[in-house]
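Enquirer: Input file: protein.cif. Contents: mmCIF, C-alpha atoms.
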```
data_final
loop_
_atom_site.label_atom_id
_atom_site.label_comp_id
_atom_site.auth_asym_id
_atom_site.auth_seq_id
_atom_site.Cartn_x
_atom_site.Cartn_y
_atom_site.Cartn_z
CA MET A 1 119.06 26.26 10.50
CA THR A 2 121.22 26.35 13.60
CA THR A 3 122.85 29.73 14.04
CA ASP A 4 124.86 29.44 17.25
CA SER A 5 128.13 27.72 16.41
CA THR A 6 129.09 27.64 20.07
CA VAL A 7 127.34 24.24 20.09
CA ARG A 8 127.05 24.28 23.84
CA PRO A 9 126.87 20.78 25.37
CA PRO A 10 123.53 19.84 26.84
CA PRO A 11 122.98 20.84 30.46
CA PRO A 12 124.29 18.32 33.00
CA GLU A 13 120.86 17.02 33.90
CA ALA A 14 120.23 16.19 30.21
CA SER A 15 123.66 14.88 29.28
CA GLY A 16 124.06 12.10 31.82
CA SER A 17 126.06 11.82 35.00
CA ASP A 18 129.39 11.12 33.27
CA PHE A 19 129.50 14.45 31.50
CA ALA A 20 127.97 16.23 34.49
CA ARG A 21 130.83 15.15 36.74
CA LEU A 22 133.42 16.11 34.14
CA SER A 23 131.79 19.52 33.70
CA ARG A 24 132.03 20.19 37.41
CA ARG A 25 135.72 19.29 37.44
CA ILE A 26 136.41 21.60 34.51
CA ALA A 27 134.40 24.44 36.04
CA ASP A 28 136.08 23.99 39.41
CA ALA A 29 139.47 24.26 37.68
CA GLY A 30 138.41 27.65 36.27
CA LEU A 31 139.01 26.56 32.68
CA LEU A 32 135.83 28.01 31.19
CA GLY A 33 136.70 31.64 31.97
CA ARG A 34 137.48 34.10 29.17
CA ARG A 35 141.10 34.99 28.30
CA PRO A 36 140.84 38.58 26.98
CA GLY A 37 144.55 39.34 27.39
CA TYR A 38 145.59 36.28 25.38
CA TYR A 39 143.18 37.05 22.54
CA ALA A 40 144.13 40.74 22.50
CA VAL A 41 147.77 39.77 21.93
CA ARG A 42 146.97 37.01 19.46
CA ILE A 43 144.64 39.13 17.33
CA THR A 44 147.09 42.05 17.36
CA VAL A 45 149.99 39.85 16.24
CA VAL A 46 148.00 38.14 13.47
CA ALA A 47 146.63 41.49 12.27
CA ALA A 48 150.16 42.92 12.19
CA PHE A 49 151.36 40.01 10.05
CA TYR A 50 148.30 40.40 7.79
CA VAL A 51 148.98 44.09 7.18
CA GLY A 52 152.74 43.54 7.06
CA GLY A 53 152.38 40.80 4.46
CA TRP A 54 150.47 43.02 2.07
CA ALA A 55 152.90 45.87 2.75
CA ALA A 56 155.72 43.50 1.77
CA VAL A 57 153.96 42.74 -1.52
CA ALA A 58 153.80 46.48 -2.22
CA LEU A 59 157.44 47.04 -1.28
CA ILE A 60 158.81 44.10 -3.28
CA GLY A 61 156.60 44.95 -6.22
CA ARG A 62 157.22 43.46 -9.66
CA SER A 63 159.52 40.67 -8.58
CA TRP A 64 159.05 36.93 -8.38
CA TRP A 65 160.15 37.20 -4.75
CA THR A 66 156.56 38.20 -4.05
CA LEU A 67 155.70 34.51 -4.34
CA THR A 68 157.62 33.98 -1.11
CA VAL A 69 155.33 36.51 0.53
CA ALA A 70 152.37 34.67 -0.99
CA GLY A 71 153.45 31.56 0.92
CA LEU A 72 153.80 33.49 4.17
CA LEU A 73 150.40 35.12 3.68
CA ALA A 74 148.89 31.66 3.22
CA VAL A 75 149.89 30.86 6.80
CA VAL A 76 148.59 34.24 8.00
CA PHE A 77 145.24 33.61 6.29
CA GLY A 78 145.07 30.27 8.09
CA GLN A 79 145.65 32.01 11.40
CA VAL A 80 142.91 34.54 10.61
CA ALA A 81 140.56 31.63 9.86
CA LEU A 82 141.43 30.13 13.25
CA ILE A 83 140.52 33.42 14.95
CA ALA A 84 137.18 33.36 13.12
CA HIS A 85 136.70 29.82 14.42
CA ASP A 86 137.37 30.80 18.04
CA ALA A 87 135.16 33.87 17.78
CA ALA A 88 132.28 31.84 16.38
CA HIS A 89 132.53 29.47 19.36
CA ARG A 90 132.37 32.46 21.75
CA GLN A 91 135.84 31.72 23.02
CA VAL A 92 136.88 35.35 22.51
CA PHE A 93 133.73 37.20 23.62
CA ARG A 94 130.93 35.92 25.80
CA ARG A 95 128.16 37.88 24.08
CA ARG A 96 126.67 36.68 20.80
CA ARG A 97 126.72 40.03 18.99
CA ALA A 98 130.41 40.68 19.66
CA SER A 99 131.26 37.08 18.73
CA GLU A 100 129.37 37.29 15.44
CA ALA A 101 130.85 40.68 14.53
CA SER A 102 134.44 39.62 15.18
CA GLY A 103 133.96 36.27 13.48
CA ARG A 104 132.36 37.87 10.44
CA ILE A 105 135.21 40.41 10.12
CA ALA A 106 137.84 37.67 10.39
CA GLY A 107 135.93 35.50 7.90
CA ALA A 108 135.75 38.40 5.44
CA GLY A 109 139.52 38.79 5.78
CA VAL A 110 140.06 35.41 4.15
CA GLY A 111 137.10 35.43 1.73
CA MET A 112 134.72 33.18 3.68
CA SER A 113 130.99 33.45 4.26
CA TYR A 114 130.69 33.45 8.03
CA GLY A 115 127.02 32.42 8.00
CA TRP A 116 127.63 29.45 5.70
CA TRP A 117 130.63 28.21 7.68
CA GLN A 118 128.89 28.74 11.02
CA ASP A 119 125.92 26.60 10.05
CA LYS A 120 128.12 23.85 8.61
CA HIS A 121 130.45 23.79 11.60
CA THR A 122 127.56 23.77 14.08
CA ARG A 123 126.14 20.64 12.45
CA HIS A 124 129.58 19.03 12.55
CA HIS A 125 129.93 19.64 16.28
CA ALA A 126 126.46 18.27 16.98
CA ASN A 127 127.17 14.98 15.16
CA PRO A 128 130.92 14.54 14.61
CA ASN A 129 131.87 11.76 12.21
CA HIS A 130 128.26 10.70 11.66
CA GLU A 131 128.01 9.58 8.06
CA GLU A 132 124.53 10.99 7.47
CA LEU A 133 124.57 14.02 9.78
CA ASP A 134 128.10 15.45 9.71
CA PRO A 135 128.51 17.73 6.64
CA ASP A 136 132.27 17.17 6.79
CA LEU A 137 131.62 13.56 5.73
CA ALA A 138 129.58 14.47 2.65
CA PRO A 139 131.03 12.58 -0.37
CA ASP A 140 131.30 15.68 -2.56
CA LEU A 141 134.79 14.86 -3.83
CA LEU A 142 136.18 12.11 -1.60
CA VAL A 143 134.50 9.07 -0.07
CA TRP A 144 134.86 8.62 3.67
CA SER A 145 133.51 5.09 4.06
CA GLN A 146 133.21 1.92 2.01
CA ASP A 147 129.43 2.33 1.94
CA GLN A 148 129.89 5.72 0.26
CA ALA A 149 132.39 4.19 -2.16
CA ARG A 150 129.95 1.48 -3.26
CA VAL A 151 127.37 4.04 -4.42
CA ALA A 152 129.81 6.73 -5.56
CA LYS A 153 129.40 8.33 -8.98
CA GLY A 154 131.19 11.04 -10.91
CA LEU A 155 134.27 12.60 -9.36
CA PRO A 156 134.07 10.76 -6.01
CA ARG A 157 134.08 7.46 -7.91
CA LEU A 158 136.99 8.53 -10.11
CA ILE A 159 139.09 10.08 -7.34
CA GLY A 160 138.12 7.61 -4.62
CA ARG A 161 140.23 4.83 -6.11
CA ARG A 162 143.46 6.68 -5.31
CA GLN A 163 142.20 9.31 -2.89
CA ALA A 164 144.82 8.64 -0.21
CA PHE A 165 147.58 9.50 -2.67
CA LEU A 166 145.66 12.49 -4.04
CA PHE A 167 144.60 13.92 -0.70
CA PHE A 168 147.38 16.46 -0.14
CA PRO A 169 147.56 17.54 -3.81
CA LEU A 170 143.78 18.09 -3.70
CA LEU A 171 144.17 20.30 -0.65
CA THR A 172 145.72 22.93 -2.94
CA LEU A 173 142.15 23.49 -4.15
CA GLU A 174 140.66 23.82 -0.67
CA GLY A 175 141.18 27.59 -0.50
CA PHE A 176 139.33 28.03 -3.80
CA ASN A 177 136.64 25.60 -2.61
CA LEU A 178 136.13 27.74 0.50
CA HIS A 179 135.40 30.76 -1.70
CA VAL A 180 133.17 28.85 -4.14
CA SER A 181 131.16 27.22 -1.36
CA SER A 182 130.74 30.62 0.32
CA VAL A 183 129.39 32.15 -2.89
CA ARG A 184 127.07 29.22 -3.58
CA ALA A 185 125.67 29.46 -0.05
CA LEU A 186 124.41 32.98 -0.77
CA ALA A 187 121.67 31.41 -2.89
CA ASN A 188 120.24 29.84 0.27
CA ARG A 189 117.46 32.16 1.41
CA SER A 190 117.52 30.72 4.92
CA LEU A 191 121.11 31.91 5.41
CA LYS A 192 121.15 34.48 8.19
CA ASN A 193 122.56 37.93 7.25
CA ARG A 194 122.90 36.77 3.65
CA THR A 195 123.15 40.30 2.24
CA LEU A 196 125.87 41.31 4.67
CA ASP A 197 127.81 38.11 4.03
CA GLY A 198 127.57 38.70 0.28
CA ALA A 199 128.76 42.30 0.54
CA LEU A 200 131.75 41.33 2.67
CA LEU A 201 132.59 38.34 0.49
CA PHE A 202 132.56 40.17 -2.84
CA GLY A 203 134.23 43.16 -1.21
CA HIS A 204 137.10 40.89 -0.23
CA PHE A 205 137.39 39.48 -3.76
CA ALA A 206 137.33 42.97 -5.31
CA VAL A 207 139.99 44.42 -3.01
CA TYR A 208 142.18 41.30 -3.18
CA LEU A 209 142.26 41.21 -6.99
CA ALA A 210 142.47 44.99 -7.39
CA VAL A 211 145.53 45.21 -5.12
CA LEU A 212 147.31 42.38 -6.92
CA LEU A 213 146.59 43.72 -10.41
CA TRP A 214 147.67 47.19 -9.31
CA LEU A 215 150.96 46.02 -7.81
CA LEU A 216 151.88 43.13 -10.13
CA PRO A 217 151.80 42.32 -13.85
CA PRO A 218 148.87 40.04 -14.80
CA GLY A 219 150.99 36.88 -15.12
CA MET A 220 152.71 37.46 -11.80
CA ALA A 221 149.37 38.25 -10.16
CA ILE A 222 147.95 34.94 -11.38
CA ALA A 223 151.00 33.10 -10.04
CA PHE A 224 150.59 34.90 -6.70
CA VAL A 225 146.95 33.80 -6.46
CA ALA A 226 147.87 30.20 -7.32
CA VAL A 227 150.64 30.00 -4.71
CA HIS A 228 148.74 31.91 -2.03
CA GLN A 229 145.40 30.14 -2.36
CA GLY A 230 147.01 26.76 -2.98
CA LEU A 231 149.15 26.86 0.17
CA PHE A 232 146.28 28.38 2.13
CA GLY A 233 144.21 25.33 1.19
CA VAL A 234 146.98 22.94 2.19
CA TYR A 235 147.30 24.68 5.56
CA LEU A 236 143.54 24.60 6.17
CA GLY A 237 143.32 20.92 5.28
CA SER A 238 146.33 20.12 7.44
CA LEU A 239 144.61 21.82 10.39
CA PHE A 240 141.48 19.70 10.21
CA ALA A 241 142.65 16.35 8.79
CA PRO A 242 144.21 15.05 12.06
CA ASN A 243 141.08 15.68 14.11
CA HIS A 244 138.50 13.08 13.00
CA LYS A 245 139.73 11.31 9.86
CA GLY A 246 140.47 7.70 10.65
CA MET A 247 138.34 7.74 13.80
CA PRO A 248 135.14 5.66 14.17
CA ILE A 249 132.33 6.69 11.83
CA LEU A 250 128.80 6.64 13.22
CA THR A 251 125.82 5.66 11.07
CA GLY A 252 122.06 5.42 11.34
CA ASP A 253 120.85 5.44 14.93
CA ASP A 254 124.35 5.36 16.42
CA ARG A 255 123.92 8.03 19.10
CA PRO A 256 126.20 7.52 22.10
CA ASP A 257 125.78 9.92 25.00
CA PHE A 258 127.29 13.38 24.56
CA LEU A 259 130.64 12.61 26.21
CA ARG A 260 131.29 9.41 24.27
CA ARG A 261 129.99 10.89 21.00
CA GLN A 262 132.59 13.64 21.20
CA VAL A 263 135.51 11.68 22.68
CA LEU A 264 135.33 8.49 20.61
CA THR A 265 135.15 10.30 17.25
CA SER A 266 137.97 12.78 17.95
CA ARG A 267 141.75 12.54 18.06
CA ASN A 268 144.26 14.72 19.88
CA VAL A 269 147.70 15.56 18.50
CA ARG A 270 150.63 15.64 20.90
CA GLY A 271 153.05 18.57 20.83
CA GLY A 272 154.25 21.67 22.59
CA TRP A 273 153.56 25.38 22.29
CA PHE A 274 154.49 25.45 18.59
CA THR A 275 151.88 22.79 17.81
CA ASP A 276 149.31 24.79 19.77
CA ILE A 277 150.07 27.88 17.68
CA ALA A 278 150.30 26.11 14.33
CA LEU A 279 147.06 24.16 14.84
CA GLY A 280 145.29 26.92 16.74
CA GLY A 281 144.50 24.66 19.69
CA LEU A 282 142.65 22.20 17.45
CA ASN A 283 145.29 19.64 18.37
CA HIS A 284 143.28 19.35 21.62
CA GLN A 285 140.27 18.26 19.60
CA ILE A 286 138.67 16.09 22.26
CA GLU A 287 138.57 18.91 24.80
CA HIS A 288 137.41 21.37 22.14
CA HIS A 289 134.47 19.15 21.21
CA LEU A 290 133.48 18.60 24.82
CA PHE A 291 133.76 22.29 25.72
CA PRO A 292 133.61 24.27 22.44
CA SER A 293 133.37 27.66 24.16
CA MET A 294 136.52 27.04 26.20
CA PRO A 295 139.29 29.51 25.16
CA SER A 296 141.94 27.65 23.17
CA PRO A 297 144.82 28.44 25.61
CA ASN A 298 142.92 26.57 28.34
CA LEU A 299 142.59 23.37 26.31
CA ARG A 300 146.04 22.03 27.20
CA GLU A 301 145.27 22.17 30.93
CA ALA A 302 141.81 20.71 30.33
CA ARG A 303 143.46 17.78 28.57
CA ARG A 304 144.93 16.56 31.85
CA VAL A 305 141.51 16.56 33.49
CA VAL A 306 139.67 14.96 30.57
CA ARG A 307 142.25 12.27 29.91
CA ARG A 308 142.34 11.22 33.57
CA TYR A 309 138.54 11.16 33.68
CA CYS A 310 138.30 9.02 30.52
CA GLU A 311 140.74 6.56 32.08
CA GLU A 312 138.45 6.34 35.12
CA LEU A 313 135.47 5.61 32.89
CA GLY A 314 137.33 3.23 30.59
CA VAL A 315 136.56 5.42 27.56
CA ASP A 316 139.16 5.30 24.78
CA TYR A 317 141.09 8.57 24.53
CA ALA A 318 142.93 8.81 21.20
CA GLU A 319 146.12 10.83 21.08
CA THR A 320 149.06 10.57 18.71
CA GLY A 321 151.82 12.57 17.05
CA LEU A 322 151.13 14.84 14.09
CA ILE A 323 152.76 12.64 11.44
CA ALA A 324 151.07 9.55 12.84
CA SER A 325 147.70 11.34 12.73
CA TYR A 326 148.15 12.06 9.02
CA ARG A 327 149.19 8.44 8.45
CA GLN A 328 146.03 7.22 10.15
CA ALA A 329 143.87 9.64 8.16
CA LEU A 330 145.42 8.54 4.85
CA THR A 331 145.13 4.86 5.78
CA SER A 332 141.44 5.40 6.50
CA LEU A 333 140.96 7.11 3.13
CA HIS A 334 142.73 4.26 1.36
CA GLN A 335 140.53 1.67 3.07
CA ALA A 336 137.37 3.66 2.29
CA GLY A 337 138.20 3.57 -1.42
CA ALA A 338 138.80 -0.19 -1.49
CA PRO A 339 135.44 -1.14 -3.12
CA LEU A 340 136.26 1.15 -6.05
CA ARG A 341 139.63 -0.51 -6.59
CA HIS A 342 138.05 -3.95 -6.32
CA SER A 343 135.44 -3.01 -8.92
CA ASP A 344 138.28 -2.10 -11.31
CA VAL A 345 139.84 -5.54 -10.80
CA ALA A 346 136.47 -7.26 -11.31
CA ALA A 347 135.90 -5.31 -14.51
#
```
Could you rewrite the structure in this file as structure tokens?
Expert:
Amino acid sequence: MTTDSTVRPPPPEASGSDFARLSRRIADAGLLGRRPGYYAVRITVVAAFYVGGWAAVALIGRSWWTLTVAGLLAVVFGQVALIAHDAAHRQVFRRRRASEASGRIAGAGVGMSYGWWQDKHTRHHANPNHEELDPDLAPDLLVWSQDQARVAKGLPRLIGRRQAFLFFPLLTLEGFNLHVSSVRALANRSLKNRTLDGALLFGHFAVYLAVLLWLLPPGMAIAFVAVHQGLFGVYLGSLFAPNHKGMPILTGDDRPDFLRRQVLTSRNVRGGWFTDIALGGLNHQIEHHLFPSMPSPNLREARRVVRRYCEELGVDYAETGLIASYRQALTSLHQAGAPLRHSDVAA
């Protein structure tokens, strides 16, 4: 099992001259250096909102207005998850131990097994949008290609027919799925630091539920969990859907060189500083996949270098607006489910 989710690109001599030249340009621009001041401010602000959100729940108390706070905390949880993501990629700290500790603490803050997510995300970065190798393309609930649709059974077969229309409603379950998948992963004996992950995970669940049941009546507490976790799932899904969905899917022995494997399967989302904050820098997905340890505030500047370089090479560089990216992702989902709809007509 891979344990370093930095997923460092291969060294220049192994990755081909195209990536080697790009790496030198990025390094010469000073874009790989750490940004401790930025992350100190970002982590402090997110932590303040995290604590402030729960303080607001306590102050408002037994009132349905707490559901408004639940919605705000959903966004805060998403921002905590983004910090865990950056820490795991060693964007925050250079050393592995500090990166793992900070990422594990942030992951525990949202009820996620850091070890499980780290392994899954590492495999995604190594083979983005590869139908057999990218765990994000596993047909566990949705089908991502027509080949998957043709052999789908159970829920993927049932949902796949109308999955484009069901995608955003299904995202309300993504927060719960994050917790369930984290718990299930604890049964994997090869999971590194499994005992620690389990203690932090169940500690989060215990404190989370105890606080809500202490502050709110049972019915209101259940409503809070539904709103909070549902919107948290929608936010998480909205962060990752624009990045690869609707981009070319690799299969079998499709193994372009490192630069093309990362660029051709990723999509950037245009926008300003608000987009950078809301999407945690993942809107610069191409640059993030090429240089996963690059601090997220440097990605915007790196975009200029990478885009110009791709133009020189004649490599397609996909970039679109946020709404258009969702449209492309949903169109891809609809096309992937076509064999299931056709089988209904044939029947």
Enquirer: Please produce, as CSV, a per-residue contact table for stretch 114-141 of chain A versus stretch 175-184 of chain A (criterion: any atom at most 12 Å away, only C-alpha atoms considered), showing the nearest atom pair and its distance in Å to one decimal, sorted by chain then residue number.
Expert:
```
residue,atom,partner,partner_atom,distance
A:Tyr114,CA,A:Ser182,CA,8.2
A:Gly115,CA,A:Ser182,CA,8.7
A:Trp116,CA,A:Ser182,CA,6.3
A:Trp117,CA,A:Ser182,CA,7.7
A:Gln118,CA,A:Ser182,CA,11.0
A:Asp119,CA,A:Ser182,CA,11.6
A:Lys120,CA,A:Ser181,CA,11.0
A:Asp140,CA,A:Asn177,CA,11.3
A:Leu141,CA,A:Asn177,CA,11.0
```
Enquirer: Apply the PyMOL selection byres ((chain A and resi 36-44) around 10) to the file shown and report the selected residues as a PDB file with C-alpha atoms, keeping the file's coordinate frame.
Expert:
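Output saved as result_2.pdb:
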```
ATOM      1  CA  GLY A  33     136.700  31.640  31.970  1.00  0.00           C
ATOM      2  CA  ARG A  34     137.480  34.100  29.170  1.00  0.00           C
ATOM      3  CA  ARG A  35     141.100  34.990  28.300  1.00  0.00           C
ATOM      4  CA  VAL A  45     149.990  39.850  16.240  1.00  0.00           C
ATOM      5  CA  VAL A  46     148.000  38.140  13.470  1.00  0.00           C
ATOM      6  CA  ALA A  47     146.630  41.490  12.270  1.00  0.00           C
ATOM      7  CA  ALA A  48     150.160  42.920  12.190  1.00  0.00           C
ATOM      8  CA  PHE A  49     151.360  40.010  10.050  1.00  0.00           C
ATOM      9  CA  TYR A  50     148.300  40.400   7.790  1.00  0.00           C
ATOM     10  CA  GLN A  79     145.650  32.010  11.400  1.00  0.00           C
ATOM     11  CA  VAL A  80     142.910  34.540  10.610  1.00  0.00           C
ATOM     12  CA  ILE A  83     140.520  33.420  14.950  1.00  0.00           C
ATOM     13  CA  ASP A  86     137.370  30.800  18.040  1.00  0.00           C
ATOM     14  CA  ALA A  87     135.160  33.870  17.780  1.00  0.00           C
ATOM     15  CA  GLN A  91     135.840  31.720  23.020  1.00  0.00           C
ATOM     16  CA  VAL A  92     136.880  35.350  22.510  1.00  0.00           C
ATOM     17  CA  PHE A  93     133.730  37.200  23.620  1.00  0.00           C
ATOM     18  CA  ALA A 106     137.840  37.670  10.390  1.00  0.00           C
ATOM     19  CA  ILE A 277     150.070  27.880  17.680  1.00  0.00           C
ATOM     20  CA  PRO A 295     139.290  29.510  25.160  1.00  0.00           C
ATOM     21  CA  SER A 296     141.940  27.650  23.170  1.00  0.00           C
ATOM     22  CA  PRO A 297     144.820  28.440  25.610  1.00  0.00           C
TER      23      PRO A 297
END
```
Enquirer: Which residues are near A:Thr251? Cut-off 12 Å, all atoms listed in the file, ignore same chain within fewer than 6 positions. Put them as number ranges by chain.
Expert: A: 127-134, 137, 145, 147-148, 261
Enquirer: Let's have the selection written as a short mmCIF file (atom, residue, chain, number, x, y, z; two decimals), in the frame of the given file, with C-alpha atoms.
Expert:
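The file below, selection-v6.cif, is the result:
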```
data_model
loop_
_atom_site.label_atom_id
_atom_site.label_comp_id
_atom_site.auth_asym_id
_atom_site.auth_seq_id
_atom_site.Cartn_x
_atom_site.Cartn_y
_atom_site.Cartn_z
CA ASN A 127 127.17 14.98 15.16
CA PRO A 128 130.92 14.54 14.61
CA ASN A 129 131.87 11.76 12.21
CA HIS A 130 128.26 10.70 11.66
CA GLU A 131 128.01 9.58 8.06
CA GLU A 132 124.53 10.99 7.47
CA LEU A 133 124.57 14.02 9.78
CA ASP A 134 128.10 15.45 9.71
CA LEU A 137 131.62 13.56 5.73
CA SER A 145 133.51 5.09 4.06
CA ASP A 147 129.43 2.33 1.94
CA GLN A 148 129.89 5.72 0.26
CA ARG A 261 129.99 10.89 21.00
#
```
Enquirer: Identify all residues satisfying the PyMOL selection byres ((chain A and resi 105) around 12) in the given file; provide them as a ChimeraX atom specification.
Expert: /A:43,47,80-81,83-85,87-88,98-104,106-115,196-197,199-201,203-204
Enquirer: Pick from A:His244, A:Asp276, A:Leu216, A:Leu236: nearest to A:Ile60, with only C-alpha atoms counted?
Expert: A:Leu216
Enquirer: Apply the PyMOL selection byres ((chain A and resi 191) around 10) to the structure shown and report the selected residues as an NGL selection string.
Expert: :A and (1-3 or 115-116 or 119 or 185-190 or 192-195 or 197)
Enquirer: How many Å separate atom CA of A:Ser63 from atom CA of A:Leu209?
Expert: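 Interatomic distance here is 17.3 Å.
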Enquirer: Give me the residues within 7 Å of stretch 321-325 of chain A as a PyMOL selection string, counting only C-alpha atoms and dropping any in the same chain fewer than 4 places off.
Expert: chain A and resi 242+269-270+329
Enquirer: Take atom CA of A:Tyr309 and atom CA of A:Leu32 and report the distance between them in Å, one decimal.
Expert: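 Atom-to-atom, atom CA of A:Tyr309 to atom CA of A:Leu32, that is 17.2 Å.
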Enquirer: Could you give me, as number ranges by chain, the residues within 9 Å of A:Leu73, counting all atoms listed in the file and dropping anything in the same chain fewer than 2 positions from it?
Expert: A: 49-50, 53-54, 68-71, 75-78, 228, 232
